[in-house]
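Here the structure comes first, spelled out in structure tokens, and everything after it is commentary.
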Amino acid sequence: GRIGQPEIKNAELQKSFITNASHELKTPLAVIKANTEMLEMMGTENEWTKSTMRQVDRLTGLIQNLVLVTRASERDIKEDRVDTDFSSIVTETAKSFEPVAFSDGKAMEYSIAENVTMKAQEGDIRQICTLLIDNAIKYCDADGKVTIGLGTDKKKKNIYLRVSNSYANGEGIDYHRFFDRFYRGDEAHNIDKEGYGVGLSIAQSLMERYHGEIKVAWEDGVITFSCIF
């Protein structure tokens, strides 16, 4: 126990630093945004003010994601878990993304089993679904398809969630690194995508709470993220 104490302390200090730094950064960013908005209202809107606003929004999103990473790695309180309707959560989350996919010219297909339940914190399951579906739509090929599947194995011992998307240029990529924080794999494919490279890391941390596993595989132009609970 004593051998592991320094590592535990370092991890706690790291979490504390991220939380405090995130809090301290919010105020100056809010001031920069307010000042820039005021300049635009006074008639000085130009490419420079627009660029400033974009960077403020990006930094704000990055801060929010860093906080999510920290929270995802916090100790889980099992007493807070309740019987959760996994099927409803996946269906609701998927349907909420339909307008996003449609506006981007991408199709969505579902295969969601009914009455799949588990002891969980609803927020955790909803966040995992959101992260995977958002990621699939964002990186799906133009005019491609996103497929979402939920079910159980034959013995109904394990629950699986699979989210796939068209990804024609996925051969030869090191998919193991997709779960590294801030990793952006195919820069040519991602250059116009908004994101911070932390979503999959958050999903992995949440899966670890449930002693589950998240895997990624690519075959015949389709990339699939599989969660097994």
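Naming works like this for the structure tokens: A, B, ... for the chains as they're shown, residue 1 at the start of each chain, ligands 1 onward in shown order.
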
For Ile137 in chain A, work out the shell of residues within 8 Å, counting only C-alpha atoms and skipping chain neighbours fewer than 6 positions away, then give it as a PyMOL selection string. chain A and resi 100-101+106+146+165

Test item: residues at most 8 Å from Glu213 in chain A, only C-alpha atoms, excluding those fewer than 3 positions along its chain, as a VMD selection string: chain A and resid 204 207 to 208 226 to 229

Saved selection, atoms kept: N, CA and C atoms, as a compact mmCIF listing (two decimals), in the first residue's frame:
```txt
# COMPACT_ATOMS: atom_id res chain seq x y z
N GLN A 204 -13.55 5.30 -22.74
CA GLN A 204 -12.78 4.18 -22.18
C GLN A 204 -12.76 4.25 -20.65
N MET A 207 -16.07 3.10 -19.34
CA MET A 207 -16.22 1.65 -19.46
C MET A 207 -15.47 0.93 -18.35
N GLU A 208 -14.33 1.47 -17.95
CA GLU A 208 -13.54 0.85 -16.89
C GLU A 208 -14.29 0.86 -15.56
N SER A 226 -16.83 -1.17 -30.35
CA SER A 226 -17.65 -2.14 -29.61
C SER A 226 -17.42 -2.00 -28.11
N CYS A 227 -18.51 -1.82 -27.38
CA CYS A 227 -18.46 -1.79 -25.91
C CYS A 227 -19.12 -3.05 -25.38
N ILE A 228 -18.43 -3.73 -24.48
CA ILE A 228 -18.97 -4.95 -23.88
C ILE A 228 -19.06 -4.74 -22.37
N PHE A 229 -20.28 -4.80 -21.84
CA PHE A 229 -20.51 -4.58 -20.41
C PHE A 229 -20.67 -5.91 -19.69
```

Show which residues sit within 7 Å of Ser87 in chain A, as an mmCIF file with N, CA, C and O atoms, in the first residue's frame. Count only C-alpha atoms, and ignore same-chain residues fewer than 6 positions away.
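What landed in out07.cif:
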```cif
data_model
loop_
_atom_site.group_PDB
_atom_site.id
_atom_site.type_symbol
_atom_site.label_atom_id
_atom_site.label_comp_id
_atom_site.auth_asym_id
_atom_site.auth_seq_id
_atom_site.Cartn_x
_atom_site.Cartn_y
_atom_site.Cartn_z
ATOM 1 N N ILE A 112 -31.535 -2.081 -32.388
ATOM 2 C CA ILE A 112 -31.510 -1.918 -30.942
ATOM 3 C C ILE A 112 -32.511 -2.871 -30.292
ATOM 4 O O ILE A 112 -33.720 -2.750 -30.492
ATOM 5 N N ALA A 113 -31.989 -3.832 -29.537
ATOM 6 C CA ALA A 113 -32.860 -4.795 -28.854
ATOM 7 C C ALA A 113 -33.663 -4.092 -27.768
ATOM 8 O O ALA A 113 -33.192 -3.135 -27.147
ATOM 9 N N GLU A 114 -34.864 -4.576 -27.511
ATOM 10 C CA GLU A 114 -35.725 -3.988 -26.494
ATOM 11 C C GLU A 114 -35.441 -4.599 -25.123
ATOM 12 O O GLU A 114 -34.919 -5.712 -25.008
ATOM 13 N N ASN A 115 -35.785 -3.850 -24.094
ATOM 14 C CA ASN A 115 -35.731 -4.319 -22.700
ATOM 15 C C ASN A 115 -34.337 -4.754 -22.245
ATOM 16 O O ASN A 115 -34.190 -5.687 -21.455
ATOM 17 N N VAL A 116 -33.319 -4.091 -22.750
ATOM 18 C CA VAL A 116 -31.969 -4.341 -22.261
ATOM 19 C C VAL A 116 -31.720 -3.396 -21.085
ATOM 20 O O VAL A 116 -31.779 -2.175 -21.229
#
```

Using DSSP on the backbone coordinates, identify the residues of range 46-219 of chain A assigned to strand (DSSP E); present them as a ChimeraX atom specification. /A:82-85,107-112,117-120,145-152,159-166,213-219

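Interatomic distance, CA of Val56 in chain A to CA of Ile133 in chain A: 25.4 Å.
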
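Proximity to Asp85 in chain A was assessed for A:Gly199, A:Asp174, A:Phe97, A:Ile125 counting only C-alpha atoms; the smallest distance is recorded for A:Ile125.
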
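With only C-alpha atoms as the atoms that count, the residue of A:Val222, A:Ile159, A:Leu150, A:Val82 with the shortest distance to Ala136 in chain A is A:Val222.
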
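Note that the spacing between CA of Lys145 in chain A and CA of Glu109 in chain A amounts to 7.4 Å.
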
Tell me, as number ranges by chain, which residues lie within 10 Å of Asn35 in chain A, counting only C-alpha atoms; anything in the same chain fewer than 6 positions away does not count. A: 29, 41, 49

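Shell of Glu122 in chain A at 12 Å, with only C-alpha atoms counted and residues fewer than 3 places along the chain excluded, is Asp80, Arg81, Val82, Asp83, Thr84, Asp85, Phe86, Ser87, Ser88, Ile89, Val90, Thr117, Met118, Lys119, Ile125, Arg126, Gln127, Ile128, Cys129 and Leu206 of chain A.
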
Include all heavy atoms and write out the residues we just selected as a short mmCIF file (atom, residue, chain, number, x, y, z; two decimals), in the first residue's frame.
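Okay, this is what ended up in again-v8.cif:
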```
data_model
loop_
_atom_site.label_atom_id
_atom_site.label_comp_id
_atom_site.auth_asym_id
_atom_site.auth_seq_id
_atom_site.Cartn_x
_atom_site.Cartn_y
_atom_site.Cartn_z
N ASP A 80 -24.84 4.38 -6.13
CA ASP A 80 -25.63 5.31 -6.93
C ASP A 80 -26.19 4.66 -8.20
O ASP A 80 -26.96 5.28 -8.93
CB ASP A 80 -24.77 6.52 -7.35
CG ASP A 80 -24.43 7.40 -6.15
OD1 ASP A 80 -25.12 7.28 -5.12
OD2 ASP A 80 -23.49 8.20 -6.26
N ARG A 81 -25.80 3.43 -8.46
CA ARG A 81 -26.29 2.75 -9.66
C ARG A 81 -27.72 2.24 -9.44
O ARG A 81 -28.05 1.74 -8.36
CB ARG A 81 -25.38 1.57 -10.02
CG ARG A 81 -23.97 1.99 -10.40
CD ARG A 81 -23.14 0.80 -10.82
NE ARG A 81 -21.75 1.16 -11.06
CZ ARG A 81 -20.81 0.30 -11.47
NH1 ARG A 81 -21.14 -0.98 -11.67
NH2 ARG A 81 -19.58 0.70 -11.67
N VAL A 82 -28.53 2.36 -10.47
CA VAL A 82 -29.92 1.90 -10.41
C VAL A 82 -30.24 1.11 -11.67
O VAL A 82 -29.47 1.12 -12.64
CB VAL A 82 -30.89 3.10 -10.28
CG1 VAL A 82 -30.66 3.85 -8.99
CG2 VAL A 82 -30.75 4.05 -11.48
N ASP A 83 -31.36 0.41 -11.67
CA ASP A 83 -31.80 -0.29 -12.88
C ASP A 83 -32.01 0.73 -13.99
O ASP A 83 -32.84 1.64 -13.86
CB ASP A 83 -33.10 -1.06 -12.61
CG ASP A 83 -32.87 -2.27 -11.72
OD1 ASP A 83 -31.79 -2.88 -11.83
OD2 ASP A 83 -33.75 -2.59 -10.91
N THR A 84 -31.25 0.60 -15.05
CA THR A 84 -31.26 1.59 -16.13
C THR A 84 -31.70 0.95 -17.44
O THR A 84 -31.21 -0.13 -17.81
CB THR A 84 -29.84 2.19 -16.29
OG1 THR A 84 -29.45 2.78 -15.05
CG2 THR A 84 -29.81 3.24 -17.38
N ASP A 85 -32.63 1.61 -18.14
CA ASP A 85 -33.14 1.12 -19.41
C ASP A 85 -32.16 1.48 -20.52
O ASP A 85 -32.21 2.57 -21.10
CB ASP A 85 -34.51 1.74 -19.69
CG ASP A 85 -35.21 1.10 -20.89
OD1 ASP A 85 -34.52 0.50 -21.74
OD2 ASP A 85 -36.45 1.19 -20.97
N PHE A 86 -31.25 0.56 -20.80
CA PHE A 86 -30.20 0.77 -21.79
C PHE A 86 -30.81 1.00 -23.18
O PHE A 86 -30.38 1.88 -23.93
CB PHE A 86 -29.28 -0.47 -21.82
CG PHE A 86 -27.86 -0.18 -22.18
CD1 PHE A 86 -26.83 -0.71 -21.42
CD2 PHE A 86 -27.54 0.59 -23.28
CE1 PHE A 86 -25.49 -0.47 -21.74
CE2 PHE A 86 -26.21 0.84 -23.62
CZ PHE A 86 -25.19 0.31 -22.86
N SER A 87 -31.84 0.23 -23.51
CA SER A 87 -32.47 0.33 -24.83
C SER A 87 -33.01 1.73 -25.09
O SER A 87 -32.80 2.30 -26.17
CB SER A 87 -33.59 -0.70 -24.96
OG SER A 87 -33.10 -2.02 -24.78
N SER A 88 -33.71 2.28 -24.10
CA SER A 88 -34.30 3.61 -24.27
C SER A 88 -33.23 4.68 -24.42
O SER A 88 -33.35 5.60 -25.24
CB SER A 88 -35.19 3.94 -23.08
OG SER A 88 -36.33 3.12 -23.05
N ILE A 89 -32.17 4.56 -23.63
CA ILE A 89 -31.09 5.55 -23.69
C ILE A 89 -30.45 5.57 -25.06
O ILE A 89 -30.23 6.63 -25.66
CB ILE A 89 -30.04 5.29 -22.59
CG1 ILE A 89 -30.64 5.57 -21.21
CG2 ILE A 89 -28.80 6.14 -22.82
CD1 ILE A 89 -29.73 5.19 -20.07
N VAL A 90 -30.12 4.38 -25.59
CA VAL A 90 -29.48 4.31 -26.91
C VAL A 90 -30.41 4.84 -27.99
O VAL A 90 -30.00 5.61 -28.87
CB VAL A 90 -29.06 2.86 -27.24
CG1 VAL A 90 -28.47 2.79 -28.64
CG2 VAL A 90 -28.04 2.36 -26.22
N THR A 117 -31.48 -3.96 -19.92
CA THR A 117 -31.29 -3.15 -18.71
C THR A 117 -30.03 -3.57 -17.98
O THR A 117 -29.53 -4.69 -18.16
CB THR A 117 -32.50 -3.28 -17.75
OG1 THR A 117 -32.61 -4.66 -17.33
CG2 THR A 117 -33.79 -2.86 -18.43
N MET A 118 -29.54 -2.68 -17.12
CA MET A 118 -28.39 -3.00 -16.29
C MET A 118 -28.32 -2.01 -15.13
O MET A 118 -28.92 -0.93 -15.18
CB MET A 118 -27.08 -2.95 -17.09
CG MET A 118 -26.71 -1.56 -17.58
SD MET A 118 -25.11 -1.51 -18.45
CE MET A 118 -23.96 -1.74 -17.07
N LYS A 119 -27.61 -2.39 -14.09
CA LYS A 119 -27.38 -1.50 -12.96
C LYS A 119 -26.30 -0.49 -13.38
O LYS A 119 -25.17 -0.87 -13.69
CB LYS A 119 -26.90 -2.28 -11.74
CG LYS A 119 -27.96 -3.10 -11.04
CD LYS A 119 -28.78 -2.23 -10.10
CE LYS A 119 -29.72 -3.09 -9.24
NZ LYS A 119 -30.56 -2.25 -8.36
N ILE A 125 -24.07 5.94 -19.05
CA ILE A 125 -24.47 5.23 -20.27
C ILE A 125 -24.82 6.23 -21.38
O ILE A 125 -24.43 6.06 -22.54
CB ILE A 125 -25.68 4.32 -19.99
CG1 ILE A 125 -25.37 3.35 -18.85
CG2 ILE A 125 -26.08 3.56 -21.25
CD1 ILE A 125 -24.14 2.50 -19.05
N ARG A 126 -25.52 7.29 -21.01
CA ARG A 126 -25.89 8.30 -22.00
C ARG A 126 -24.64 8.97 -22.58
O ARG A 126 -24.58 9.27 -23.78
CB ARG A 126 -26.82 9.34 -21.37
CG ARG A 126 -27.57 10.19 -22.37
CD ARG A 126 -28.59 11.08 -21.66
NE ARG A 126 -29.64 10.30 -21.03
CZ ARG A 126 -30.71 9.84 -21.68
NH1 ARG A 126 -30.84 10.05 -22.97
NH2 ARG A 126 -31.64 9.15 -21.03
N GLN A 127 -23.66 9.21 -21.73
CA GLN A 127 -22.44 9.86 -22.21
C GLN A 127 -21.64 8.96 -23.14
O GLN A 127 -21.12 9.42 -24.16
CB GLN A 127 -21.56 10.30 -21.02
CG GLN A 127 -20.39 11.18 -21.45
CD GLN A 127 -19.64 11.76 -20.29
OE1 GLN A 127 -19.94 11.48 -19.12
NE2 GLN A 127 -18.66 12.58 -20.57
N ILE A 128 -21.54 7.68 -22.81
CA ILE A 128 -20.85 6.74 -23.69
C ILE A 128 -21.52 6.71 -25.07
O ILE A 128 -20.85 6.79 -26.10
CB ILE A 128 -20.82 5.32 -23.07
CG1 ILE A 128 -19.92 5.30 -21.84
CG2 ILE A 128 -20.33 4.29 -24.10
CD1 ILE A 128 -20.05 4.03 -21.01
N CYS A 129 -22.85 6.60 -25.07
CA CYS A 129 -23.59 6.58 -26.34
C CYS A 129 -23.37 7.87 -27.13
O CYS A 129 -23.12 7.84 -28.34
CB CYS A 129 -25.08 6.40 -26.08
SG CYS A 129 -25.52 4.81 -25.35
N LEU A 206 -15.00 5.60 -18.70
CA LEU A 206 -16.33 5.25 -18.21
C LEU A 206 -16.56 3.74 -18.29
O LEU A 206 -17.17 3.16 -17.38
CB LEU A 206 -17.39 5.99 -19.02
CG LEU A 206 -17.48 7.50 -18.78
CD1 LEU A 206 -18.39 8.16 -19.81
CD2 LEU A 206 -17.97 7.80 -17.38
#
```
